[in-house]
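Remarks on the structure that follows.
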Amino acid sequence: MKFQKTIKSSVSISGIGLHSGKRVSLTLSPARSNSGIRFQRLDSNPSVSIEALVKNVHSTNLATTIAKDGVSVSTIEHLMSALWSMGIDNILCQVDGSELPILDGSALPFVQLIKKAGIKTQRSLKKVLVVKKEIEVKHGDKWAVLKPANDFKIRYTIDFPHPVIGKQTFEYSQATDFVKEIAPCRTFGFLKDVEKMQAMGLALGGSLQNAVVLDDVKALNEEGLRFSNEFVRHKILDAIGDFSLVGYSILGSVELNRAGHELQTKLIHELLSQKGAYVIVAPEESEQEQSIELTEAAYA
Ligand SMILES: [Zn+2]
């Protein structure tokens with residue numbers, strides 16, 4: 001039996017948004033059992049609390065954006081990936097802009113931030129989504145499949161016709177050390193696309209400080225790659241962030257072939273909409289949460 005977790009204290013970090021190029025601050029605060037992961041925009045009035053759930057996914061173009069009542073938060077996937085992998089179920093994420101800071105383009109700064117806050121085990125049990133039936137979604141030669149399994153696994157294959165990338169496959173399982181093997185892997189982009197995106201007002205904060213940038217033959221970052229297959233590892237990082245939007249731990253095996261946020265989100269929608277495709281195992285509450293140090297103000 002696993003118990004739900006939150007963080008021990010509030011922590012903040014700031015940096016620039018990848019697409020807006022604007023400076024933003026993010027504060028993570030403890031939240032009570034069964035309240036889930038919520039995002040709040042401090043620059044919107046009235047303030048809206050957006051649950052980090054697939055039903056609130058508004059856009060998957062270039063990044064995962066959630067929205068509610070006309071208020072959105074973008075590029076949540078790297079933080080979501082860190083939260084899921086560190087077992088955090090309940091947390092309030094407050095941001096003073098439309099997008100989370102991109103930091104170094106990986107999930108490592110978020111992992112370090114959560115470690116700095118400390119992790120607190122709560123008294124309610126984690127709920128688990130058990131996959132009961134195989135689900136598949138396709139788009140051309142891209143596909144995503146989810147199958148019943150005894151633990152959570154992701155096998156990802158990418159294939160880019162580029163000398164530094166090519167075909168890469170990585171399998172993530174409960175045995176993978178997320179902090180060492182996945183969290184440090186940065187987002188990546190091609191110089192020719194970056195120039196096009198910037199002309200459209202996107203990726204304005206993109207730089208060699210927060211992404212691996214490739215020209216036609218090589219990575220332009222002086223420090224080189226963190227792993228020779230950093231690219232597919234980052235895709236796993238993103239996929240974990242997307243699957244965390246189910247809102248539960250998952251017992252299921254995912255296989256992704258050149259998928260991306262759109263197909264991953266579609267797979268989750270398909271799973272949740274098909275009758276008999278899953279069950280939620282909700283263990284009896286052993287004890288009522290008596291959360292002591294949290295005040296109602298944290299959920300306003
Ligand atoms: Zn990413």
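Chains: A, B, ... in order of the structure tokens. Residues: from 1 per chain. Ligands: from 1, in order shown.
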DSSP helix (DSSP H, G or I) residues within range 109-238 of chain A, as a VMD selection string: chain A and resid 109 to 117 178 to 181 191 to 199 230 to 238
Filtered DSSP result for range 75-187 of chain A, state strand (DSSP E or B), as a PyMOL selection string: chain A and resi 91-95+99+101+119-125+128-131+135-139+142-147+152-160+166-172
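Taking only C-alpha atoms and all ligand atoms into account, every polymer residue with at least one atom at most 9 Å away from ligand 1 is listed here: Leu62, Ala63, Thr64, Thr75, Glu77, His78, Gly105, Ser106, Ala107, Cys185, Arg186, Thr187, Phe188, His234, Lys235, Ile236, Leu237, Asp238, Ala239 and Gly241 of chain A.
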Mind dumping the selected residues with N, CA and C atoms as an mmCIF file, in the first residue's frame?
```cif
data_model
loop_
_atom_site.group_PDB
_atom_site.id
_atom_site.type_symbol
_atom_site.label_atom_id
_atom_site.label_comp_id
_atom_site.auth_asym_id
_atom_site.auth_seq_id
_atom_site.Cartn_x
_atom_site.Cartn_y
_atom_site.Cartn_z
ATOM 1 N N LEU A 62 3.350 22.014 -29.315
ATOM 2 C CA LEU A 62 4.703 22.331 -28.820
ATOM 3 C C LEU A 62 4.896 22.074 -27.319
ATOM 4 N N ALA A 63 3.818 22.211 -26.531
ATOM 5 C CA ALA A 63 3.918 21.969 -25.090
ATOM 6 C C ALA A 63 2.523 21.600 -24.606
ATOM 7 N N THR A 64 2.419 21.134 -23.348
ATOM 8 C CA THR A 64 1.095 20.810 -22.816
ATOM 9 C C THR A 64 0.560 22.019 -22.043
ATOM 10 N N THR A 75 3.282 24.657 -20.773
ATOM 11 C CA THR A 75 4.577 23.979 -20.549
ATOM 12 C C THR A 75 4.665 23.415 -19.125
ATOM 13 N N GLU A 77 4.609 20.124 -18.555
ATOM 14 C CA GLU A 77 4.980 18.702 -18.573
ATOM 15 C C GLU A 77 6.266 18.347 -17.836
ATOM 16 N N HIS A 78 7.237 19.253 -17.787
ATOM 17 C CA HIS A 78 8.495 18.900 -17.107
ATOM 18 C C HIS A 78 8.302 18.889 -15.586
ATOM 19 N N GLY A 105 15.630 23.425 -19.389
ATOM 20 C CA GLY A 105 14.983 22.610 -20.424
ATOM 21 C C GLY A 105 14.783 21.161 -20.010
ATOM 22 N N SER A 106 15.211 20.823 -18.774
ATOM 23 C CA SER A 106 15.026 19.458 -18.283
ATOM 24 C C SER A 106 14.114 19.503 -17.057
ATOM 25 N N ALA A 107 13.990 18.368 -16.353
ATOM 26 C CA ALA A 107 13.176 18.338 -15.129
ATOM 27 C C ALA A 107 14.054 18.413 -13.883
ATOM 28 N N CYS A 185 17.564 15.207 -18.763
ATOM 29 C CA CYS A 185 17.521 15.247 -20.238
ATOM 30 C C CYS A 185 16.718 16.446 -20.731
ATOM 31 N N ARG A 186 17.359 17.232 -21.587
ATOM 32 C CA ARG A 186 16.779 18.510 -22.013
ATOM 33 C C ARG A 186 15.904 18.384 -23.253
ATOM 34 N N THR A 187 15.039 19.343 -23.376
ATOM 35 C CA THR A 187 14.232 19.461 -24.583
ATOM 36 C C THR A 187 15.172 19.778 -25.751
ATOM 37 N N PHE A 188 14.740 19.523 -26.973
ATOM 38 C CA PHE A 188 15.631 19.781 -28.107
ATOM 39 C C PHE A 188 14.850 20.351 -29.284
ATOM 40 N N HIS A 234 14.409 12.433 -23.166
ATOM 41 C CA HIS A 234 13.547 13.593 -22.928
ATOM 42 C C HIS A 234 12.102 13.304 -23.340
ATOM 43 N N LYS A 235 11.941 12.524 -24.409
ATOM 44 C CA LYS A 235 10.580 12.148 -24.848
ATOM 45 C C LYS A 235 9.891 11.327 -23.764
ATOM 46 N N ILE A 236 10.644 10.475 -23.081
ATOM 47 C CA ILE A 236 10.095 9.705 -21.950
ATOM 48 C C ILE A 236 9.683 10.677 -20.837
ATOM 49 N N LEU A 237 10.556 11.651 -20.568
ATOM 50 C CA LEU A 237 10.270 12.672 -19.539
ATOM 51 C C LEU A 237 8.931 13.366 -19.842
ATOM 52 N N ASP A 238 8.775 13.802 -21.089
ATOM 53 C CA ASP A 238 7.526 14.461 -21.513
ATOM 54 C C ASP A 238 6.326 13.517 -21.371
ATOM 55 N N ALA A 239 6.519 12.257 -21.791
ATOM 56 C CA ALA A 239 5.407 11.294 -21.765
ATOM 57 C C ALA A 239 4.954 11.040 -20.329
ATOM 58 N N GLY A 241 5.095 13.132 -17.917
ATOM 59 C CA GLY A 241 4.318 14.331 -17.570
ATOM 60 C C GLY A 241 2.908 14.251 -18.133
#
```
List the spatial neighbours of Asn45 in chain A as a PDB file with N, CA and C atoms, in the first residue's frame - criterion: any atom at most 12 Å away, only C-alpha atoms, same-chain residues fewer than 2 positions off excluded.
```
ATOM      1  N   GLN A  40      -2.399  27.588 -10.305  1.00  0.00           N
ATOM      2  CA  GLN A  40      -3.116  28.842 -10.095  1.00  0.00           C
ATOM      3  C   GLN A  40      -2.293  29.975 -10.699  1.00  0.00           C
ATOM      4  N   ARG A  41      -2.964  30.832 -11.471  1.00  0.00           N
ATOM      5  CA  ARG A  41      -2.298  32.004 -12.055  1.00  0.00           C
ATOM      6  C   ARG A  41      -2.450  33.168 -11.092  1.00  0.00           C
ATOM      7  N   LEU A  42      -1.328  33.679 -10.606  1.00  0.00           N
ATOM      8  CA  LEU A  42      -1.389  34.790  -9.654  1.00  0.00           C
ATOM      9  C   LEU A  42      -1.661  36.122 -10.350  1.00  0.00           C
ATOM     10  N   ASP A  43      -1.480  36.133 -11.685  1.00  0.00           N
ATOM     11  CA  ASP A  43      -1.698  37.380 -12.423  1.00  0.00           C
ATOM     12  C   ASP A  43      -3.093  37.443 -13.028  1.00  0.00           C
ATOM     13  N   SER A  47      -8.873  34.749  -9.411  1.00  0.00           N
ATOM     14  CA  SER A  47      -7.900  33.682  -9.573  1.00  0.00           C
ATOM     15  C   SER A  47      -8.623  32.355  -9.823  1.00  0.00           C
ATOM     16  N   VAL A  48      -8.102  31.567 -10.745  1.00  0.00           N
ATOM     17  CA  VAL A  48      -8.730  30.300 -11.131  1.00  0.00           C
ATOM     18  C   VAL A  48      -7.784  29.174 -10.741  1.00  0.00           C
ATOM     19  N   SER A  49      -8.341  28.120 -10.160  1.00  0.00           N
ATOM     20  CA  SER A  49      -7.532  26.957  -9.812  1.00  0.00           C
ATOM     21  C   SER A  49      -7.775  25.895 -10.890  1.00  0.00           C
ATOM     22  N   ASP A  69     -11.922  28.111 -17.434  1.00  0.00           N
ATOM     23  CA  ASP A  69     -12.570  29.430 -17.390  1.00  0.00           C
ATOM     24  C   ASP A  69     -11.739  30.506 -18.090  1.00  0.00           C
ATOM     25  N   GLY A  70     -11.150  30.141 -19.224  1.00  0.00           N
ATOM     26  CA  GLY A  70     -10.410  31.116 -20.022  1.00  0.00           C
ATOM     27  C   GLY A  70      -9.017  31.446 -19.514  1.00  0.00           C
ATOM     28  N   VAL A  71      -8.568  30.768 -18.449  1.00  0.00           N
ATOM     29  CA  VAL A  71      -7.224  31.029 -17.914  1.00  0.00           C
ATOM     30  C   VAL A  71      -6.365  29.788 -18.179  1.00  0.00           C
ATOM     31  N   ASP A  96       3.078  33.364 -11.874  1.00  0.00           N
ATOM     32  CA  ASP A  96       2.629  34.735 -12.143  1.00  0.00           C
ATOM     33  C   ASP A  96       2.696  35.074 -13.636  1.00  0.00           C
TER      34      ASP A  96
END
```
Per-residue nearest contacts of range 141-230 of chain A to range 15-35 of chain A (7 Å; only C-alpha atoms) as CSV:
```
residue,atom,partner,partner_atom,distance
A:Leu202,CA,A:His19,CA,4.8
A:Ala203,CA,A:His19,CA,3.9
A:Leu204,CA,A:Gly21,CA,4.8
A:Gly205,CA,A:Gly21,CA,3.7
A:Gly206,CA,A:Leu18,CA,5.3
```
Wanna dump the range 198-226 of chain A-range 152-168 of chain A contacts at 12 Å for me, each residue with its shortest atom pair and the distance in Å to one decimal, counting only C-alpha atoms, ordered by chain and number, as JSON lines?
```
{"residue": "A:Val212", "atom": "CA", "partner": "A:Val164", "partner_atom": "CA", "distance": 11.2}
{"residue": "A:Val213", "atom": "CA", "partner": "A:Val164", "partner_atom": "CA", "distance": 11.1}
{"residue": "A:Leu214", "atom": "CA", "partner": "A:Val164", "partner_atom": "CA", "distance": 8.4}
{"residue": "A:Asp215", "atom": "CA", "partner": "A:His162", "partner_atom": "CA", "distance": 9.3}
{"residue": "A:Asp216", "atom": "CA", "partner": "A:His162", "partner_atom": "CA", "distance": 7.1}
{"residue": "A:Val217", "atom": "CA", "partner": "A:Pro163", "partner_atom": "CA", "distance": 6.0}
{"residue": "A:Lys218", "atom": "CA", "partner": "A:Val164", "partner_atom": "CA", "distance": 6.2}
{"residue": "A:Ala219", "atom": "CA", "partner": "A:Val164", "partner_atom": "CA", "distance": 7.4}
{"residue": "A:Leu220", "atom": "CA", "partner": "A:Val164", "partner_atom": "CA", "distance": 11.2}
{"residue": "A:Gly224", "atom": "CA", "partner": "A:Val164", "partner_atom": "CA", "distance": 11.0}
{"residue": "A:Leu225", "atom": "CA", "partner": "A:Val164", "partner_atom": "CA", "distance": 9.9}
```
Coordinates-based distance that separates CA of His139 in chain A from CA of Gln264 in chain A (Å, one decimal): 11.2 Å
From A:Leu251, A:Val54, A:Leu256, A:Leu267, residue lying nearest Asn150 in chain A [only C-alpha atoms]: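 For Asn150 in chain A, the nearest of the given residues is A:Leu251.
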Interatomic distance, CA of Lys8 in chain A to CA of Asn90 in chain A (Å, one decimal):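 Computed distance, CA of Lys8 in chain A to CA of Asn90 in chain A, equals 11.2 Å.
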d(CA of Ile119 in chain A, CA of Ala52 in chain A) in Å: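 For CA of Ile119 in chain A relative to CA of Ala52 in chain A, the distance reads 19.4 Å.
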Among the residues A:His58, A:Lys147, A:Trp84, A:Asp193, the one that comes closest to Phe243 in chain A [using only C-alpha atoms]: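 Answer, going by the shortest atom-to-atom distance: A:Trp84.
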Option closest in space to Glu181 in chain A, from A:Ala199, A:Leu79, A:Leu53, A:Val232 [counting only C-alpha atoms]: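 Closest to Glu181 in chain A, using only C-alpha atoms: A:Val232.
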Which of A:Glu223, A:Glu136, A:Asp104, A:Asp177 sits closest to Met86 in chain A [using only C-alpha atoms]: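 Using only C-alpha atoms, the shortest distance to Met86 in chain A belongs to A:Asp177.
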Residue nearest Val281 in chain A - candidates A:Ser81, A:Ser249, A:Asn229, A:Asn56, atoms counted: only C-alpha atoms: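 With only C-alpha atoms as the atom set, the closest residue is A:Ser249.
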Residue nearest Lys115 in chain A among A:Asn257, A:Ser228, A:Ser9, A:Gln4 (counting only C-alpha atoms):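 Ranking A:Asn257, A:Ser228, A:Ser9, A:Gln4 by distance to Lys115 in chain A, first place goes to A:Ser9.
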